[in-house]
Amino acid sequence: MLILLAIAAALAAEPSPPALVDQIPPTYPASELASGRSSAVLLELDVRADGTVADARIAESGGEAFDAAAIQAALSFRFTPATDERGQAVPVTILYRTVFEPDLAPPVVLQGRVRAAGTREVLSGYRLLLERGERTVVALTDGEGSFELAGLEPGTWTLSVAEAGWRLDPVTVTVVEGQRVDVDVRPVLSAPWEAREDGVSEEIVVEGRAAAPEVTERLLSQEEARYLPGTNGDIVRVVQNLPGVARPPLNIGQLIIRGTAPEDSAYYLDGARIPSVFHFAGFSTVLAGDSIAEIAFLPGNYGVRYGRTLGGVVDLRVDDALPERNRGYVSVDLFQSAAFVEQRWDDVSLQVSGRRSYADVFLNPVLAGVSDSTIRVPRYFDLQAHMTSRTAHGRFDALLLASDDRFSVVGQDADEVEQTTIGLSDTFQKLRLRSVEQLGGGPWRNEASLIAGPERRNFEFDGGVAYEEPFTVGLREELLRSPSGRWGLGWRLGVDAELGRYRYDYAIPLYGAPERADTFRLAPAAYLEPTIDLGAVQVVPGVRVDGLLLGTGYGATAIDPRLATRLELGATALKASAGGYSQFGTVRQLVEQPDLGPARSWQVSAGVEQRIGPDLSAELVGYHAWLDDLVSGREDAFRFFSGPPPIGPLDTDPYANDGTGRVAGLEALVRYADERTAAWVSATFSRSTRVDRPGEERALFEYDQPVVLTALASRELPRRWRIGIRARYGSGNPYTPVVNRTYDLDQQAYRPVYGELDGARLPAFWSLDTRVDKDWVFRSWTLTAYVDVQNTTNNANVEVMSWNTDYSEEDPVTSIPAVPVFGLRGEW
C-alpha cells in the first residue's frame, strides 16, 4: 500500500523551477559611477542539478560594464535544485534579470589584479574563488586583469584560482566593514597543457602558415627552438637538424644545403640579404632569438622572390607585431651573456638587445703564460635596436644590427713587444627600414625595404694583410595580391637591387703577388609571379631576371623561369616544382676573368605532405639538380676560410665556367607537436658529384654526405621541468687519400703523393645530445636554469683528415669531447 501511495505521489508531482536562496549583490561598475545611471541586464543562466551556476550569458545587454558585473554576481548564485515530474533534481536553463541602481549599490570591499607569476601578463576572463565556510563567491577578471566585489560579509575569506593548469597557494583575505581591501594575485602556470588556449603558456609551438607555392618551405619558431637539445636554444642552429642540410665539419656555423657549398646559399632578413647569420664557430646567431618571429628554410625550388644563388635560402623573419606586454630577459651561459628588453608605448614599440662572448676575458690571461705564441680565444658580440610603429594602413619598422667577431694568435718580437702573427675578424653594421601598407584598404599590399651598411673581413698572417670591404645597399619594392574567393588570381611582382662599393686586397706573402681592386657593383633584378587558384589546385608560374654590372665594365644577365604546383586533397597535399637558378661569380673572379658568365642550376622536385591527426604530420620530397657553368680554377689563390682546407692536387689554372655537377636526393620529415611535446625525425639520402674540367672523371663533391639522420624530442614535465634528447648520424665527408710520399732534398721535407680525387671517405659521425631545463617562478619574474650537453657519449668523431709530418700515418682531427653548457636565464 505504501508503495502504491509513493508511486501515486510521484505521478502527481509537477516540475518545479529553481529558487534563489543565496546571492551577493552585484558590484556597480566603477566606470559608471560618474554617470549615475540605472541599468538592467537579462541573463541566461545554466543551473546545475545541485543548484550552482555553471555558466551565464547575456540575453539582453545593459552595457558592457554592467554585463560583466551581472555575470560575475550570477556565477556566485545558489538555487534550490529544479525538479522534474518525478521530483528528481535536474539541470535547467533560466532567465534572470539583474537591476543596477547607483543609490542602492553596496560599496566595494575587495578589489585586485591578477597577473601570471614570473611575467607581467594580465589574466583576463579568469575566475577566482573566495570561500568562507560553506559560502563560495566567484570573481571574474576584466580585460585588464582586474576585479571588484561588493557585499561580502565581514570576516576571513580564502582566495584561490578556479582555472585548470594554474596553481595559487591559498591567500587569506580579511574583509572589514567600511574598508576596501586591495590584493595582488600572482598564480603560477603549473600545467600549461591543461590551461585554456587564451592563457599564458610557455609551451612549444610549431607554427605554420597558409600553403606556400614552394615545394619545400619549413618554418621554425623561437618557442620551438629554445628548448631543443644540442643547439643552445639558438633558432638558426635548429635548421641544421632539418632534412636537406648536411652536417658541417667541427659543427661550425655553416649550412650545407642539398649538395652545394656553404657560399652557394644565402641568408636574408625579411627578404633583405645579409652577409652572415652565425658568429665564429657557430655558437650563436647574430640576431637575438626573441626578435625573430620565425625562420623560413627553403632548401631549393623556391619562388622568384629569391635569386642570385644556387643553394638554399634561410630567411629570418623579424617579429614586427606590437607586443601585448613589456618584457625582457638576461641570460648567462658557459660561452656568452645576453640581454633583451622590449617596451611598448601605444602604437610604437622598441626592442634593444645585445650579446657578448666572454671566454676571452677569463681564458686569455691564463693562455698568455703557456708559450711565446698565445692563442687568443675567439670573441664576438652583437647589438640590435628594433623599432616598430603601427600606421594608418599597415606598419613601419626600423632595425639597426651590428656584429663583430675577432680571433688572433699573438707572439712577441725580439724586444718582447706583442705582435699579431695570425688574426681574423669579421664585422658588419646594417640599418634596415621596411614599410608594409595595404593600398587604399583594397586587396593590394605594398612592401618596401632598404638595408645598408658596411662589412669587413680581415686576415693577418706572416706580416701580410688580406681584407674584403663591401659597402652594400639593398632595395626591394614588392606588390602583392592574394587570390580571392575559391577561384582567383593572385600576383607577386617586384624589383630588388644590390649596389655599392666593393674593395678587396689580398696581400699575404705565402700566396704570391698581391691582388687588389676597388670597384662599383650593381645587381638589379625584376620578378613576376602570378598565382592561379583553381580550388584544390594552385599553379604558380614565374620568371626572374637578374643582372650584374661592375665598374670594370663587366656586364651579364640571367633569366630564370620557374613553375610550382600544389594539389590539396583533404589532409594530403601533393607538390611539384621546376625552375632555373643563376649565381654570378664573385667580384674577385670577375675582375680577374671578365669572360665568366653566371653559374646555372636547373632544379626539379616533387613532394607529398600528410596530416595525421591534429598533432602529427609527415613530408616526403625528392629532388634533382643539374649544375652547369660552375666556376673552376685558382684553388691556390687566397680565400677567406669557409671550410676545411683543400686536400690533394690543386687546380691552379685560370678561372673558367668549366665545372658541372649533379645532385639528387630524397628528404623525409615526420613531426609531432602537442601542448607538452615537440619531436621530429628527419632523414636525407643524397648524392652530389662534380666534374671540374672537361675530360676529367666525375668525383664526389667535397661535402657529399649520402645519409644524414636526426631524431630529437623535447617534453615538458610537471613542476616546470623539461627534458630533451637529440641523436644524429651522418656519413663522413669524402677526402683525397695519401697513397705514398717523397722526400724533397731542397726543402728537407716530405711531400705527399695523392690517390684518387675524393676517393676515400671519413668514418661515419654519431652523436647523442641531451638537455634539461628547470623553471622557478617568482612574484614578477622567472628564473630558468639549464644544462645542454653536446656529444654526451663523448664519441671521438673524425671531422677532418690530416697526416703526421712525414705523411706515413693518418692523424685525423676529431670532434670536441662532451661539453656541458650550463646557463641561467631570468625573464620578466
# chains A, B, ... in the order shown; residues from 1 in each chain; ligands from 1

$ residues_around --residues "Pro509 of chain A" --least-positions-apart "4" --cutoff "10 Å" --atoms "only C-alpha atoms" --output "list in words"
Phe461, Asp462, Gly463, Gly464, Val465, Ala513 and Pro514 of chain A

$ select_by_dssp --residues "segment 45-287 of chain A" --states "alpha helix (DSSP H)" --output "ChimeraX atom specification"
/A:64-74,222-226,235-238

$ residues_around --residues "Ser714 of chain A" --least-positions-apart "2" --cutoff "9 Å" --atoms "only C-alpha atoms" --output "list in words"
Ile204, Tyr227, Leu228, Pro229, Arg676, Thr677, Ala678, Ala679, Leu712, Glu716, Arg722, Ile723, Gly724, Ile725, Arg726 and Arg771 of chain A

$ write_last_selection --atoms "N, CA and C atoms" --output "PDB file, in the first residue's frame"
ATOM      1  N   ILE A 204      55.777  24.704 -26.295  1.00  0.00           N
ATOM      2  CA  ILE A 204      56.420  24.722 -27.604  1.00  0.00           C
ATOM      3  C   ILE A 204      55.331  24.799 -28.655  1.00  0.00           C
ATOM      4  N   TYR A 227      64.151  25.182 -26.493  1.00  0.00           N
ATOM      5  CA  TYR A 227      64.409  24.059 -25.601  1.00  0.00           C
ATOM      6  C   TYR A 227      65.016  22.846 -26.307  1.00  0.00           C
ATOM      7  N   LEU A 228      65.305  22.938 -27.589  1.00  0.00           N
ATOM      8  CA  LEU A 228      65.788  21.763 -28.298  1.00  0.00           C
ATOM      9  C   LEU A 228      67.245  21.482 -27.943  1.00  0.00           C
ATOM     10  N   PRO A 229      67.597  20.226 -27.704  1.00  0.00           N
ATOM     11  CA  PRO A 229      68.955  19.885 -27.261  1.00  0.00           C
ATOM     12  C   PRO A 229      69.982  20.052 -28.370  1.00  0.00           C
ATOM     13  N   ARG A 676      52.710  19.641 -24.792  1.00  0.00           N
ATOM     14  CA  ARG A 676      53.883  19.400 -23.955  1.00  0.00           C
ATOM     15  C   ARG A 676      55.097  18.875 -24.710  1.00  0.00           C
ATOM     16  N   THR A 677      54.917  18.452 -25.932  1.00  0.00           N
ATOM     17  CA  THR A 677      55.981  17.735 -26.627  1.00  0.00           C
ATOM     18  C   THR A 677      56.217  18.306 -28.013  1.00  0.00           C
ATOM     19  N   ALA A 678      57.476  18.417 -28.377  1.00  0.00           N
ATOM     20  CA  ALA A 678      57.874  18.700 -29.761  1.00  0.00           C
ATOM     21  C   ALA A 678      58.902  17.651 -30.150  1.00  0.00           C
ATOM     22  N   ALA A 679      58.700  17.000 -31.274  1.00  0.00           N
ATOM     23  CA  ALA A 679      59.617  15.942 -31.694  1.00  0.00           C
ATOM     24  C   ALA A 679      59.597  15.830 -33.207  1.00  0.00           C
ATOM     25  N   LEU A 712      65.004  13.962 -32.660  1.00  0.00           N
ATOM     26  CA  LEU A 712      65.063  14.766 -31.440  1.00  0.00           C
ATOM     27  C   LEU A 712      63.675  14.912 -30.846  1.00  0.00           C
ATOM     28  N   GLU A 716      57.802  18.698 -21.894  1.00  0.00           N
ATOM     29  CA  GLU A 716      57.597  19.412 -20.647  1.00  0.00           C
ATOM     30  C   GLU A 716      57.020  18.456 -19.617  1.00  0.00           C
ATOM     31  N   ARG A 722      61.746  20.328 -17.969  1.00  0.00           N
ATOM     32  CA  ARG A 722      61.696  19.931 -19.378  1.00  0.00           C
ATOM     33  C   ARG A 722      62.965  19.155 -19.702  1.00  0.00           C
ATOM     34  N   ILE A 723      62.813  18.088 -20.444  1.00  0.00           N
ATOM     35  CA  ILE A 723      63.963  17.305 -20.873  1.00  0.00           C
ATOM     36  C   ILE A 723      63.945  17.175 -22.390  1.00  0.00           C
ATOM     37  N   GLY A 724      65.132  17.017 -22.970  1.00  0.00           N
ATOM     38  CA  GLY A 724      65.240  16.866 -24.411  1.00  0.00           C
ATOM     39  C   GLY A 724      66.415  15.970 -24.769  1.00  0.00           C
ATOM     40  N   ILE A 725      66.315  15.343 -25.931  1.00  0.00           N
ATOM     41  CA  ILE A 725      67.383  14.471 -26.402  1.00  0.00           C
ATOM     42  C   ILE A 725      67.446  14.560 -27.922  1.00  0.00           C
ATOM     43  N   ARG A 726      68.669  14.489 -28.451  1.00  0.00           N
ATOM     44  CA  ARG A 726      68.864  14.503 -29.901  1.00  0.00           C
ATOM     45  C   ARG A 726      69.909  13.444 -30.264  1.00  0.00           C
ATOM     46  N   ARG A 771      69.516  17.670 -22.986  1.00  0.00           N
ATOM     47  CA  ARG A 771      69.253  18.985 -22.382  1.00  0.00           C
ATOM     48  C   ARG A 771      68.199  18.827 -21.286  1.00  0.00           C
TER      49      ARG A 771
END

$ residues_around --residues "segment 309-316 of chain A" --least-positions-apart "3" --cutoff "6 Å" --atoms "only C-alpha atoms" --output "ChimeraX atom specification"
/A:257,260,264-270,295-300,581-583

$ residues_around --residues "Val587 of chain A" --least-positions-apart "5" --cutoff "10 Å" --atoms "only C-alpha atoms" --output "ChimeraX atom specification"
/A:502-504,517-521,550,552,554,592-594

$ write_last_selection --atoms "N, CA, C and O atoms" --output "PDB file, in the first residue's frame"
ATOM      1  N   TYR A 502      82.816  47.915 -53.701  1.00  0.00           N
ATOM      2  CA  TYR A 502      83.434  46.658 -53.269  1.00  0.00           C
ATOM      3  C   TYR A 502      84.944  46.797 -53.389  1.00  0.00           C
ATOM      4  O   TYR A 502      85.477  47.005 -54.482  1.00  0.00           O
ATOM      5  N   ARG A 503      85.628  46.673 -52.244  1.00  0.00           N
ATOM      6  CA  ARG A 503      87.090  46.756 -52.233  1.00  0.00           C
ATOM      7  C   ARG A 503      87.660  45.467 -51.651  1.00  0.00           C
ATOM      8  O   ARG A 503      87.104  44.905 -50.721  1.00  0.00           O
ATOM      9  N   TYR A 504      88.770  45.037 -52.225  1.00  0.00           N
ATOM     10  CA  TYR A 504      89.485  43.919 -51.623  1.00  0.00           C
ATOM     11  C   TYR A 504      90.973  44.085 -51.879  1.00  0.00           C
ATOM     12  O   TYR A 504      91.403  44.725 -52.837  1.00  0.00           O
ATOM     13  N   ALA A 517      91.502  45.348 -55.783  1.00  0.00           N
ATOM     14  CA  ALA A 517      90.572  46.054 -56.666  1.00  0.00           C
ATOM     15  C   ALA A 517      89.679  46.943 -55.829  1.00  0.00           C
ATOM     16  O   ALA A 517      89.466  46.706 -54.633  1.00  0.00           O
ATOM     17  N   ASP A 518      89.138  47.966 -56.453  1.00  0.00           N
ATOM     18  CA  ASP A 518      88.197  48.892 -55.821  1.00  0.00           C
ATOM     19  C   ASP A 518      87.214  49.284 -56.907  1.00  0.00           C
ATOM     20  O   ASP A 518      87.543  50.044 -57.822  1.00  0.00           O
ATOM     21  N   THR A 519      86.002  48.754 -56.848  1.00  0.00           N
ATOM     22  CA  THR A 519      85.074  48.933 -57.950  1.00  0.00           C
ATOM     23  C   THR A 519      83.644  49.099 -57.448  1.00  0.00           C
ATOM     24  O   THR A 519      83.340  48.852 -56.283  1.00  0.00           O
ATOM     25  N   PHE A 520      82.783  49.533 -58.359  1.00  0.00           N
ATOM     26  CA  PHE A 520      81.353  49.686 -58.092  1.00  0.00           C
ATOM     27  C   PHE A 520      80.637  48.421 -58.548  1.00  0.00           C
ATOM     28  O   PHE A 520      80.993  47.809 -59.554  1.00  0.00           O
ATOM     29  N   ARG A 521      79.598  48.032 -57.799  1.00  0.00           N
ATOM     30  CA  ARG A 521      78.833  46.828 -58.139  1.00  0.00           C
ATOM     31  C   ARG A 521      77.345  47.145 -58.097  1.00  0.00           C
ATOM     32  O   ARG A 521      76.845  47.723 -57.135  1.00  0.00           O
ATOM     33  N   LEU A 550      79.645  45.837 -63.158  1.00  0.00           N
ATOM     34  CA  LEU A 550      80.783  46.253 -62.349  1.00  0.00           C
ATOM     35  C   LEU A 550      81.409  47.507 -62.933  1.00  0.00           C
ATOM     36  O   LEU A 550      81.304  47.763 -64.147  1.00  0.00           O
ATOM     37  N   THR A 552      84.328  47.902 -63.572  1.00  0.00           N
ATOM     38  CA  THR A 552      85.387  47.496 -64.505  1.00  0.00           C
ATOM     39  C   THR A 552      84.882  47.352 -65.935  1.00  0.00           C
ATOM     40  O   THR A 552      85.670  47.121 -66.848  1.00  0.00           O
ATOM     41  N   TYR A 554      82.351  45.078 -66.634  1.00  0.00           N
ATOM     42  CA  TYR A 554      81.712  43.763 -66.744  1.00  0.00           C
ATOM     43  C   TYR A 554      80.198  43.922 -66.714  1.00  0.00           C
ATOM     44  O   TYR A 554      79.644  44.724 -65.953  1.00  0.00           O
ATOM     45  N   GLU A 592      89.375  39.329 -62.333  1.00  0.00           N
ATOM     46  CA  GLU A 592      90.488  38.571 -62.910  1.00  0.00           C
ATOM     47  C   GLU A 592      90.120  37.942 -64.245  1.00  0.00           C
ATOM     48  O   GLU A 592      90.962  37.844 -65.142  1.00  0.00           O
ATOM     49  N   GLN A 593      88.860  37.490 -64.392  1.00  0.00           N
ATOM     50  CA  GLN A 593      88.442  36.805 -65.624  1.00  0.00           C
ATOM     51  C   GLN A 593      87.107  37.381 -66.079  1.00  0.00           C
ATOM     52  O   GLN A 593      86.048  36.868 -65.764  1.00  0.00           O
ATOM     53  N   PRO A 594      87.129  38.491 -66.846  1.00  0.00           N
ATOM     54  CA  PRO A 594      85.873  39.166 -67.211  1.00  0.00           C
ATOM     55  C   PRO A 594      84.992  38.397 -68.176  1.00  0.00           C
ATOM     56  O   PRO A 594      83.855  38.813 -68.431  1.00  0.00           O
TER      57      PRO A 594
END

$ select_by_dssp --residues "segment 81-326 of chain A" --states "strand (DSSP E or B)" --output "count of residues only"
90

$ closest_atom_pairs --of "segment 459-507 of chain A" --to "segment 426-441 of chain A" --cutoff "10 Å" --atoms "only C-alpha atoms" --output "CSV"
residue,atom,partner,partner_atom,distance
A:Phe459,CA,A:Asp426,CA,9.0
A:Tyr467,CA,A:Asp426,CA,9.7
A:Glu468,CA,A:Asp426,CA,9.7
A:Glu469,CA,A:Phe428,CA,9.6
A:Pro470,CA,A:Phe428,CA,9.6
A:Phe471,CA,A:Phe428,CA,9.4
A:Thr472,CA,A:Lys430,CA,9.3
A:Val473,CA,A:Lys430,CA,9.4
A:Gly474,CA,A:Arg432,CA,9.0
A:Leu475,CA,A:Leu433,CA,9.7
A:Arg476,CA,A:Arg434,CA,9.3
A:Glu477,CA,A:Ser435,CA,9.7
A:Glu478,CA,A:Val436,CA,9.6
A:Leu479,CA,A:Leu439,CA,9.6
A:Leu480,CA,A:Gln438,CA,9.5
A:Arg481,CA,A:Gln438,CA,9.9

$ write_last_selection --atoms "C-alpha atoms" --output "PDB file, in the first residue's frame"
ATOM      1  CA  PHE A 459      93.002  38.297 -42.170  1.00  0.00           C
ATOM      2  CA  TYR A 467      90.643  42.078 -46.500  1.00  0.00           C
ATOM      3  CA  GLU A 468      87.312  42.380 -48.268  1.00  0.00           C
ATOM      4  CA  GLU A 469      85.345  45.560 -47.639  1.00  0.00           C
ATOM      5  CA  PRO A 470      81.963  45.848 -49.335  1.00  0.00           C
ATOM      6  CA  PHE A 471      79.511  48.628 -48.630  1.00  0.00           C
ATOM      7  CA  THR A 472      76.171  47.390 -49.919  1.00  0.00           C
ATOM      8  CA  VAL A 473      72.744  48.976 -50.241  1.00  0.00           C
ATOM      9  CA  GLY A 474      69.851  46.595 -50.797  1.00  0.00           C
ATOM     10  CA  LEU A 475      66.474  47.814 -52.081  1.00  0.00           C
ATOM     11  CA  ARG A 476      63.212  45.964 -52.607  1.00  0.00           C
ATOM     12  CA  GLU A 477      59.760  47.089 -53.739  1.00  0.00           C
ATOM     13  CA  GLU A 478      57.059  44.450 -53.991  1.00  0.00           C
ATOM     14  CA  LEU A 479      53.333  44.416 -54.748  1.00  0.00           C
ATOM     15  CA  LEU A 480      51.233  41.503 -53.533  1.00  0.00           C
ATOM     16  CA  ARG A 481      47.659  40.449 -54.114  1.00  0.00           C
TER      17      ARG A 481
END

$ closest_residue --among "A:Val304, A:Ala564, A:Ala578, A:Val604" --to "Arg492 of chain A" --atoms "only C-alpha atoms"
A:Val304

$ atom_distance --atom1 "atom CA of Leu499 of chain A" --atom2 "atom CA of Leu400 of chain A"
19.3 Å

$ closest_atom_pairs --of "segment 757-794 of chain A" --to "segment 109-126 of chain A" --cutoff "9 Å" --atoms "only C-alpha atoms" --output "tab-separated table"
residue	atom	partner	partner_atom	distance
A:Trp776	CA	A:Gly118	CA	8.4
A:Val777	CA	A:Gly118	CA	5.1
A:Phe778	CA	A:Gly118	CA	5.3
A:Arg779	CA	A:Ala117	CA	5.2
A:Ser780	CA	A:Gly118	CA	4.5
A:Trp781	CA	A:Gly118	CA	3.4
A:Thr782	CA	A:Gly118	CA	4.4
A:Leu783	CA	A:Gly118	CA	8.1

$ write_last_selection --atoms "N, CA, C and O atoms" --output "compact mmCIF listing (two decimals), in the first residue's frame"
# COMPACT_ATOMS: atom_id res chain seq x y z
N TRP A 776 61.89 28.31 -12.14
CA TRP A 776 61.40 28.73 -10.84
C TRP A 776 60.64 30.05 -11.04
O TRP A 776 61.21 31.02 -11.56
N VAL A 777 59.38 30.07 -10.65
CA VAL A 777 58.53 31.23 -10.87
C VAL A 777 58.43 32.03 -9.59
O VAL A 777 58.02 31.51 -8.54
N PHE A 778 58.82 33.30 -9.66
CA PHE A 778 58.73 34.20 -8.52
C PHE A 778 57.60 35.21 -8.78
O PHE A 778 56.87 35.11 -9.77
N ARG A 779 57.48 36.15 -7.90
CA ARG A 779 56.33 37.06 -7.96
C ARG A 779 56.25 37.82 -9.29
O ARG A 779 55.19 37.93 -9.88
N SER A 780 57.36 38.35 -9.78
CA SER A 780 57.30 39.16 -11.01
C SER A 780 58.33 38.74 -12.04
O SER A 780 58.51 39.44 -13.03
N TRP A 781 59.00 37.60 -11.83
CA TRP A 781 59.96 37.15 -12.82
C TRP A 781 60.14 35.65 -12.71
O TRP A 781 59.68 35.01 -11.75
N THR A 782 60.79 35.08 -13.72
CA THR A 782 61.03 33.64 -13.79
C THR A 782 62.51 33.38 -14.00
O THR A 782 63.15 34.04 -14.83
N LEU A 783 63.04 32.44 -13.26
CA LEU A 783 64.43 32.02 -13.41
C LEU A 783 64.45 30.63 -14.04
O LEU A 783 63.78 29.71 -13.56

$ closest_residue --among "A:Ala713, A:Ile292, A:Ala536, A:Ala523" --to "Val681 of chain A" --atoms "only C-alpha atoms"
A:Ala713

$ closest_residue --among "A:Pro17, A:Gly328, A:Pro454, A:Phe396" --to "Ile274 of chain A" --atoms "only C-alpha atoms"
A:Pro454

$ closest_residue --among "A:Tyr96, A:Tyr306, A:Phe701, A:Tyr380" --to "Gly542 of chain A" --atoms "only C-alpha atoms"
A:Tyr306

$ atom_distance --atom1 "atom CA of Val21 of chain A" --atom2 "atom CA of Gly155 of chain A"
20.9 Å

$ atom_distance --atom1 "atom CA of Arg86 of chain A" --atom2 "atom CA of Asp50 of chain A"
16.3 Å

$ closest_atom_pairs --of "segment 553-640 of chain A" --to "segment 646-670 of chain A" --cutoff "12 Å" --atoms "only C-alpha atoms" --output "CSV"
residue,atom,partner,partner_atom,distance
A:Gln583,CA,A:Asn657,CA,11.8
A:Phe584,CA,A:Asn657,CA,10.8
A:Gly585,CA,A:Asn657,CA,9.7
A:Thr586,CA,A:Tyr655,CA,11.1
A:Arg588,CA,A:Tyr655,CA,10.3
A:Gln589,CA,A:Tyr655,CA,6.9
A:Leu590,CA,A:Tyr655,CA,8.9
A:Val591,CA,A:Tyr655,CA,10.6
A:Glu592,CA,A:Tyr655,CA,7.9
A:Gln593,CA,A:Tyr655,CA,6.4
A:Pro594,CA,A:Tyr655,CA,9.6
A:Asp595,CA,A:Ala656,CA,8.1
A:Leu596,CA,A:Asn657,CA,6.3
A:Gly597,CA,A:Asn657,CA,7.0
A:Pro598,CA,A:Asn657,CA,8.2
A:Ala599,CA,A:Asn657,CA,7.3
A:Arg600,CA,A:Thr660,CA,9.4
A:Ser601,CA,A:Gly661,CA,9.0
A:Trp602,CA,A:Arg662,CA,10.0
A:Gln603,CA,A:Val663,CA,9.3
A:Val604,CA,A:Ala664,CA,9.7
A:Ser605,CA,A:Gly665,CA,9.5
A:Ala606,CA,A:Leu666,CA,9.8
A:Gly607,CA,A:Glu667,CA,9.1
A:Val608,CA,A:Ala668,CA,9.9
A:Glu609,CA,A:Leu669,CA,9.5
A:Gln610,CA,A:Val670,CA,9.5
A:Arg611,CA,A:Val670,CA,10.0
A:Ile612,CA,A:Val670,CA,10.1
A:Asp615,CA,A:Val670,CA,10.7
A:Leu616,CA,A:Val670,CA,7.4
A:Ser617,CA,A:Val670,CA,5.9
A:Ala618,CA,A:Val670,CA,4.3
A:Glu619,CA,A:Leu669,CA,5.1
A:Leu620,CA,A:Ala668,CA,4.5
A:Val621,CA,A:Glu667,CA,5.1
A:Gly622,CA,A:Leu666,CA,4.4
A:Tyr623,CA,A:Gly665,CA,5.5
A:His624,CA,A:Ala664,CA,4.3
A:Ala625,CA,A:Val663,CA,5.1
A:Trp626,CA,A:Arg662,CA,5.0
A:Leu627,CA,A:Gly661,CA,4.6
A:Asp628,CA,A:Thr660,CA,4.5
A:Asp629,CA,A:Asn657,CA,4.4
A:Leu630,CA,A:Gly659,CA,4.3
A:Val631,CA,A:Asn657,CA,4.6
A:Ser632,CA,A:Tyr655,CA,5.5
A:Gly633,CA,A:Tyr655,CA,4.7
A:Arg634,CA,A:Thr652,CA,4.5
A:Glu635,CA,A:Asp651,CA,5.4
A:Asp636,CA,A:Thr652,CA,5.8
A:Ala637,CA,A:Thr652,CA,8.1
A:Phe638,CA,A:Thr652,CA,11.7
A:Arg639,CA,A:Pro646,CA,11.4

$ closest_residue --among "A:Ala507, A:Val175, A:Leu717, A:Leu334" --to "Tyr358 of chain A" --atoms "only C-alpha atoms"
A:Leu334

$ residues_around --residues "Ser160 of chain A" --least-positions-apart "3" --cutoff "8 Å" --atoms "only C-alpha atoms" --output "PyMOL selection string"
chain A and resi 128-130+168-171

$ write_last_selection --atoms "N, CA, C and O atoms" --output "mmCIF file, in the first residue's frame"
data_model
loop_
_atom_site.group_PDB
_atom_site.id
_atom_site.type_symbol
_atom_site.label_atom_id
_atom_site.label_comp_id
_atom_site.auth_asym_id
_atom_site.auth_seq_id
_atom_site.Cartn_x
_atom_site.Cartn_y
_atom_site.Cartn_z
ATOM 1 N N LEU A 128 38.190 33.586 -10.041
ATOM 2 C CA LEU A 128 38.751 33.422 -8.705
ATOM 3 C C LEU A 128 37.638 32.944 -7.774
ATOM 4 O O LEU A 128 36.459 33.280 -7.972
ATOM 5 N N LEU A 129 38.013 32.169 -6.775
ATOM 6 C CA LEU A 129 37.055 31.691 -5.779
ATOM 7 C C LEU A 129 37.384 32.292 -4.426
ATOM 8 O O LEU A 129 38.553 32.278 -4.001
ATOM 9 N N LEU A 130 36.369 32.823 -3.749
ATOM 10 C CA LEU A 130 36.505 33.255 -2.359
ATOM 11 C C LEU A 130 35.582 32.379 -1.523
ATOM 12 O O LEU A 130 34.373 32.288 -1.799
ATOM 13 N N LEU A 168 47.751 28.395 -7.144
ATOM 14 C CA LEU A 168 47.916 29.551 -6.258
ATOM 15 C C LEU A 168 47.824 29.076 -4.819
ATOM 16 O O LEU A 168 46.822 28.482 -4.423
ATOM 17 N N ASP A 169 48.889 29.290 -4.097
ATOM 18 C CA ASP A 169 48.813 28.972 -2.669
ATOM 19 C C ASP A 169 47.700 29.807 -2.040
ATOM 20 O O ASP A 169 47.565 31.011 -2.351
ATOM 21 N N PRO A 170 46.858 29.214 -1.180
ATOM 22 C CA PRO A 170 45.699 29.937 -0.637
ATOM 23 C C PRO A 170 46.093 31.281 -0.015
ATOM 24 O O PRO A 170 47.071 31.386 0.723
ATOM 25 N N VAL A 171 45.312 32.304 -0.376
ATOM 26 C CA VAL A 171 45.547 33.650 0.132
ATOM 27 C C VAL A 171 44.421 33.999 1.111
ATOM 28 O O VAL A 171 43.239 33.877 0.771
#
